[in-house]
Amino acid sequence: MEIWQKMLQSCVTSPARLTRRYGVDPRPLAAVAERYPMRVTPYYLSLIQSVDDPIWRQAVPSVEELEAGSCCADPLEEEEQSPVANLVHRYPDRVLFQVCSECAMYCRFCTRKRKVGKDRMQVTRNTIAQGLAYIRKHPEIRDVILSGGDPLLLSNEMLDGILKELRGIPTVEILRIGTRMPVVLPQRITLALTRMLQRYHPLYLNTHFNHPDEITPLAARALARLADAGIPLGNQTVLLRGVNDDPQIMRRLMQRLLAVRVKPYYLYQADLVLGTEHFRTTVEEGLDIMRALRGHTSGMAVPAFVIDAPGGGGKIPLLPEYLQSLGDEVILKNYQGLDYRYSNARPVTEQNVPMAVNQSG
Ligand SMILES: *Cc1c(COP(=O)(O)O)cnc(C)c1O
Ligand code: SF4
């Protein structure tokens with residue numbers, strides 16, 4: 001057994017284990033963990049500095065999860081857009097392929113908390129074979145995103161097998177892996193893993209850091225290994241109340257990501273998922289954060305702010321009002337709030353020179 005697999009076995013899976021260390025009453029939390037499973041790696045637990053800090057909030061069940069919410073177990077209607085089990089085909093040319101039902105940590109804000117780590121999510125050799133068959137039958141699919149759960153929870157052999165099958169499909173151009181392992185169990189990023197992954201280029205990996213305190217020396221080492229294997233790294237952050245709903249924290253997070261060779265990709269407005277309402281901010285707060293990034297720090301550090309549309313409409317980008325008006329003249333607002341004008345008149349070419357201009361010229 002590899003070291004990371006041993007670490008998985010010593011995960012904290014019940015609130016009772018927190019009593020001694022943090023002095024919280026675990027009893028009300030036990031009911032929460034029964035509904036939505038708990039699992040925290042000893043490594044991630046070690047990043048907690050105090051009860052209810054941004055690390056704690058992501059990892060430890062809260063009674064707020066059981067509050068009746070306004071919406072939905074599956075607001076993105078993933079199940080309706082699954083032609084075969086564990087594969088979501090929402091966009092024309094790419095699919096989300098769920099190859100693992102578990103995660104090293106069950107994030108309390110998870111969009112798929114209706115099913116990850118629960119009996120109702122079954123990933124088997126059979127569902128994987130069905131997913132592969134679907135991708136083979138649909139040559140329009142040129143981009144496959146391995147997701148879950150967390151695909152890096154699979155053994156190297158298992159993952160190798162899936163990647164090999166996908167690479168054998170000539171219409172599949174790029175592969176992506178979505179994983180939180182560099183955040184919650186960086187020990188998973190072994191040399192054996194990166195050597196295996198680099199045989200399947202072009203392969204992209206998107207990870208999921210939500211707070212600058214998650215970028216530890218161990219995480220940085222894992223990311224360096226992946227980057228050294230030629231794997232372009234991106235990051236998807238969820239905007240979470242009490243975790244990162246602050247322009248300073250978010251700017252620091254994005255800057256530190258770049259410093260560990262990760263390009264911020266998406267910032268998500270929190271989905272309307274049942275049991276996660278206490279994490280939700282307003283959209284205005286997200287726009288304020290975007291305004292505090294653009295122009296104020298490296299453009300490379302600015303992710304796209306998106307709402308994953310309820311009802312399965314896909315990710316829709318949101319921008320603060322830089323474009324004030326659009327016509328023959330475009331009025332723009334810069335990052336300092338100053339107005340600038342851009343002439344949008346049709347350029348004069350030989351074909352469209354107006355008569356009057358012709359005669360006088
Ligand atoms: C996010 C997502 C994708 C990928 O979207 P990109 O904008 O290409 O990163 C694909 N399928 C589903 C179902 C998704 O949720
Ligand atoms: S790692 Fe991703 S899929 Fe797993 S619990 Fe966290 S957010 Fe959900």
# chains A, B, ... in the order shown; residues from 1 in each chain; ligands from 1

call {"tool": "select_by_dssp", "arguments": {"residues": "segment 141-218 of chain A", "states": "helix (DSSP H, G or I)", "output": "number ranges by chain"}}
result
A: 151-153, 156-167, 181-184, 186-188, 191-200, 212-214, 217-218

call {"tool": "residues_around", "arguments": {"residues": "His211 of chain A", "least_positions_apart": "5", "cutoff": "12 Å", "atoms": "only C-alpha atoms", "output": "ChimeraX atom specification"}}
result
/A:47-48,53-58,183,216,235-257

call {"tool": "closest_residue", "arguments": {"among": "A:Ile331, A:Ala133, A:Ile162, A:Ala304", "to": "ligand 1", "atoms": "only C-alpha atoms and all ligand atoms"}}
result
A:Ala304

call {"tool": "select_by_dssp", "arguments": {"residues": "segment 103-157 of chain A", "states": "strand (DSSP E or B)", "output": "list in words"}}
result
Asp143, Val144, Ile145, Leu146 and Ser147 of chain A

call {"tool": "write_last_selection", "arguments": {"atoms": "N, CA, C and O atoms", "output": "compact mmCIF listing (two decimals), in the first residue's frame"}}
result
# COMPACT_ATOMS: atom_id res chain seq x y z
N ASP A 143 -13.20 16.65 -25.97
CA ASP A 143 -12.62 17.06 -24.68
C ASP A 143 -13.33 16.25 -23.59
O ASP A 143 -14.55 16.33 -23.47
N VAL A 144 -12.55 15.46 -22.84
CA VAL A 144 -13.14 14.64 -21.78
C VAL A 144 -12.57 15.07 -20.44
O VAL A 144 -11.35 15.11 -20.25
N ILE A 145 -13.47 15.41 -19.53
CA ILE A 145 -13.06 15.86 -18.19
C ILE A 145 -13.32 14.73 -17.20
O ILE A 145 -14.47 14.36 -16.97
N LEU A 146 -12.25 14.18 -16.66
CA LEU A 146 -12.42 13.15 -15.63
C LEU A 146 -12.73 13.84 -14.31
O LEU A 146 -12.03 14.73 -13.87
N SER A 147 -13.84 13.40 -13.70
CA SER A 147 -14.31 14.04 -12.49
C SER A 147 -14.86 12.96 -11.57
O SER A 147 -14.56 11.78 -11.72

call {"tool": "residues_around", "arguments": {"residues": "Asn344 of chain A", "least_positions_apart": "6", "cutoff": "7 Å", "atoms": "only C-alpha atoms", "output": "list in words"}}
result
Gly327, Asp328, Glu329 and Val330 of chain A

call {"tool": "residues_near_ligand", "arguments": {"ligand": "ligand 2", "cutoff": "9 Å", "atoms": "only C-alpha atoms and all ligand atoms", "output": "ChimeraX atom specification"}}
result
/A:58,101-113,116-117,147-150,178-181,184,208,238

call {"tool": "residues_around", "arguments": {"residues": "Gln122 of chain A", "least_positions_apart": "6", "cutoff": "9 Å", "atoms": "only C-alpha atoms", "output": "list in words"}}
result
Ala85, Asn86, Cys100 and Ser101 of chain A

call {"tool": "atom_distance", "arguments": {"atom1": "atom CA of Arg294 of chain A", "atom2": "atom CA of Ile215 of chain A"}}
result
22.0 Å

call {"tool": "residues_near_ligand", "arguments": {"ligand": "ligand 1", "cutoff": "6 Å", "atoms": "only C-alpha atoms and all ligand atoms", "output": "ChimeraX atom specification"}}
result
/A:88-90,94-96

call {"tool": "write_last_selection", "arguments": {"atoms": "N, CA and C atoms", "output": "PDB file, in the first residue's frame"}}
result
ATOM      1  N   VAL A  88     -21.935  13.344 -17.849  1.00  0.00           N
ATOM      2  CA  VAL A  88     -22.802  14.494 -18.126  1.00  0.00           C
ATOM      3  C   VAL A  88     -22.395  15.080 -19.474  1.00  0.00           C
ATOM      4  N   HIS A  89     -23.352  15.118 -20.396  1.00  0.00           N
ATOM      5  CA  HIS A  89     -23.096  15.672 -21.731  1.00  0.00           C
ATOM      6  C   HIS A  89     -23.960  16.921 -21.891  1.00  0.00           C
ATOM      7  N   ARG A  90     -23.420  18.055 -21.463  1.00  0.00           N
ATOM      8  CA  ARG A  90     -24.173  19.308 -21.438  1.00  0.00           C
ATOM      9  C   ARG A  90     -23.823  20.183 -22.628  1.00  0.00           C
ATOM     10  N   ARG A  94     -17.875  18.432 -25.394  1.00  0.00           N
ATOM     11  CA  ARG A  94     -17.123  17.929 -24.241  1.00  0.00           C
ATOM     12  C   ARG A  94     -18.055  17.291 -23.219  1.00  0.00           C
ATOM     13  N   VAL A  95     -17.478  16.377 -22.456  1.00  0.00           N
ATOM     14  CA  VAL A  95     -18.278  15.678 -21.435  1.00  0.00           C
ATOM     15  C   VAL A  95     -17.548  15.652 -20.106  1.00  0.00           C
ATOM     16  N   LEU A  96     -18.346  15.527 -19.057  1.00  0.00           N
ATOM     17  CA  LEU A  96     -17.833  15.336 -17.713  1.00  0.00           C
ATOM     18  C   LEU A  96     -18.041  13.858 -17.390  1.00  0.00           C
TER      19      LEU A  96
END

call {"tool": "closest_residue", "arguments": {"among": "A:Gly312, A:Gln198, A:Glu67, A:Asp339", "to": "Glu79 of chain A", "atoms": "only C-alpha atoms"}}
result
A:Gly312

call {"tool": "residues_around", "arguments": {"residues": "Arg221 of chain A", "least_positions_apart": "2", "cutoff": "10 Å", "atoms": "only C-alpha atoms", "output": "PyMOL selection string"}}
result
chain A and resi 182+186-187+189+215-219+223-227+260

call {"tool": "write_last_selection", "arguments": {"atoms": "N, CA and C atoms", "output": "mmCIF file, in the first residue's frame"}}
result
data_model
loop_
_atom_site.group_PDB
_atom_site.id
_atom_site.type_symbol
_atom_site.label_atom_id
_atom_site.label_comp_id
_atom_site.auth_asym_id
_atom_site.auth_seq_id
_atom_site.Cartn_x
_atom_site.Cartn_y
_atom_site.Cartn_z
ATOM 1 N N PRO A 182 -4.305 17.897 -4.661
ATOM 2 C CA PRO A 182 -3.197 18.763 -4.244
ATOM 3 C C PRO A 182 -3.553 19.612 -3.015
ATOM 4 N N PRO A 186 -1.860 16.152 -0.700
ATOM 5 C CA PRO A 186 -0.814 16.364 -1.718
ATOM 6 C C PRO A 186 0.137 15.170 -1.841
ATOM 7 N N GLN A 187 0.171 14.327 -0.810
ATOM 8 C CA GLN A 187 1.019 13.126 -0.863
ATOM 9 C C GLN A 187 0.592 12.178 -1.992
ATOM 10 N N ILE A 189 0.283 13.011 -5.015
ATOM 11 C CA ILE A 189 0.967 13.367 -6.262
ATOM 12 C C ILE A 189 2.386 12.781 -6.211
ATOM 13 N N ILE A 215 -2.336 26.731 0.416
ATOM 14 C CA ILE A 215 -1.131 26.612 -0.418
ATOM 15 C C ILE A 215 0.084 26.480 0.501
ATOM 16 N N THR A 216 0.334 25.266 0.926
ATOM 17 C CA THR A 216 1.417 24.944 1.857
ATOM 18 C C THR A 216 2.645 24.505 1.063
ATOM 19 N N PRO A 217 3.798 24.372 1.724
ATOM 20 C CA PRO A 217 4.967 23.842 1.021
ATOM 21 C C PRO A 217 4.719 22.455 0.417
ATOM 22 N N LEU A 218 3.957 21.618 1.114
ATOM 23 C CA LEU A 218 3.658 20.286 0.562
ATOM 24 C C LEU A 218 2.801 20.381 -0.698
ATOM 25 N N ALA A 219 1.801 21.263 -0.650
ATOM 26 C CA ALA A 219 0.946 21.454 -1.825
ATOM 27 C C ALA A 219 1.780 22.011 -2.980
ATOM 28 N N LEU A 223 2.333 20.432 -6.752
ATOM 29 C CA LEU A 223 2.020 21.179 -7.972
ATOM 30 C C LEU A 223 3.253 21.294 -8.866
ATOM 31 N N ALA A 224 4.415 21.467 -8.250
ATOM 32 C CA ALA A 224 5.653 21.548 -9.033
ATOM 33 C C ALA A 224 5.893 20.235 -9.782
ATOM 34 N N ARG A 225 5.617 19.131 -9.113
ATOM 35 C CA ARG A 225 5.773 17.830 -9.778
ATOM 36 C C ARG A 225 4.885 17.714 -11.009
ATOM 37 N N LEU A 226 3.644 18.141 -10.841
ATOM 38 C CA LEU A 226 2.701 18.066 -11.970
ATOM 39 C C LEU A 226 3.156 18.997 -13.091
ATOM 40 N N ALA A 227 3.549 20.218 -12.718
ATOM 41 C CA ALA A 227 3.974 21.184 -13.732
ATOM 42 C C ALA A 227 5.249 20.703 -14.429
ATOM 43 N N VAL A 260 2.747 29.308 -7.506
ATOM 44 C CA VAL A 260 2.996 27.859 -7.514
ATOM 45 C C VAL A 260 2.589 27.250 -8.871
#

call {"tool": "closest_residue", "arguments": {"among": "A:Val273, A:Val32, A:Leu76, A:Leu153", "to": "Glu64 of chain A", "atoms": "only C-alpha atoms"}}
result
A:Val32

call {"tool": "atom_distance", "arguments": {"atom1": "atom CA of Val99 of chain A", "atom2": "atom CA of Pro310 of chain A"}}
result
23.7 Å

call {"tool": "residues_around", "arguments": {"residues": "segment 281-284 of chain A", "least_positions_apart": "3", "cutoff": "12 Å", "atoms": "only C-alpha atoms", "output": "PyMOL selection string"}}
result
chain A and resi 238-246+267-272+276-278+287-291+305-307+317-321

call {"tool": "atom_distance", "arguments": {"atom1": "atom CA of Met1 of chain A", "atom2": "atom CA of Thr41 of chain A"}}
result
16.8 Å

call {"tool": "residues_around", "arguments": {"residues": "segment 22-30 of chain A", "least_positions_apart": "4", "cutoff": "12 Å", "atoms": "only C-alpha atoms", "output": "PyMOL selection string"}}
result
chain A and resi 13-18+34-38+45-46+48-52+56+60-66
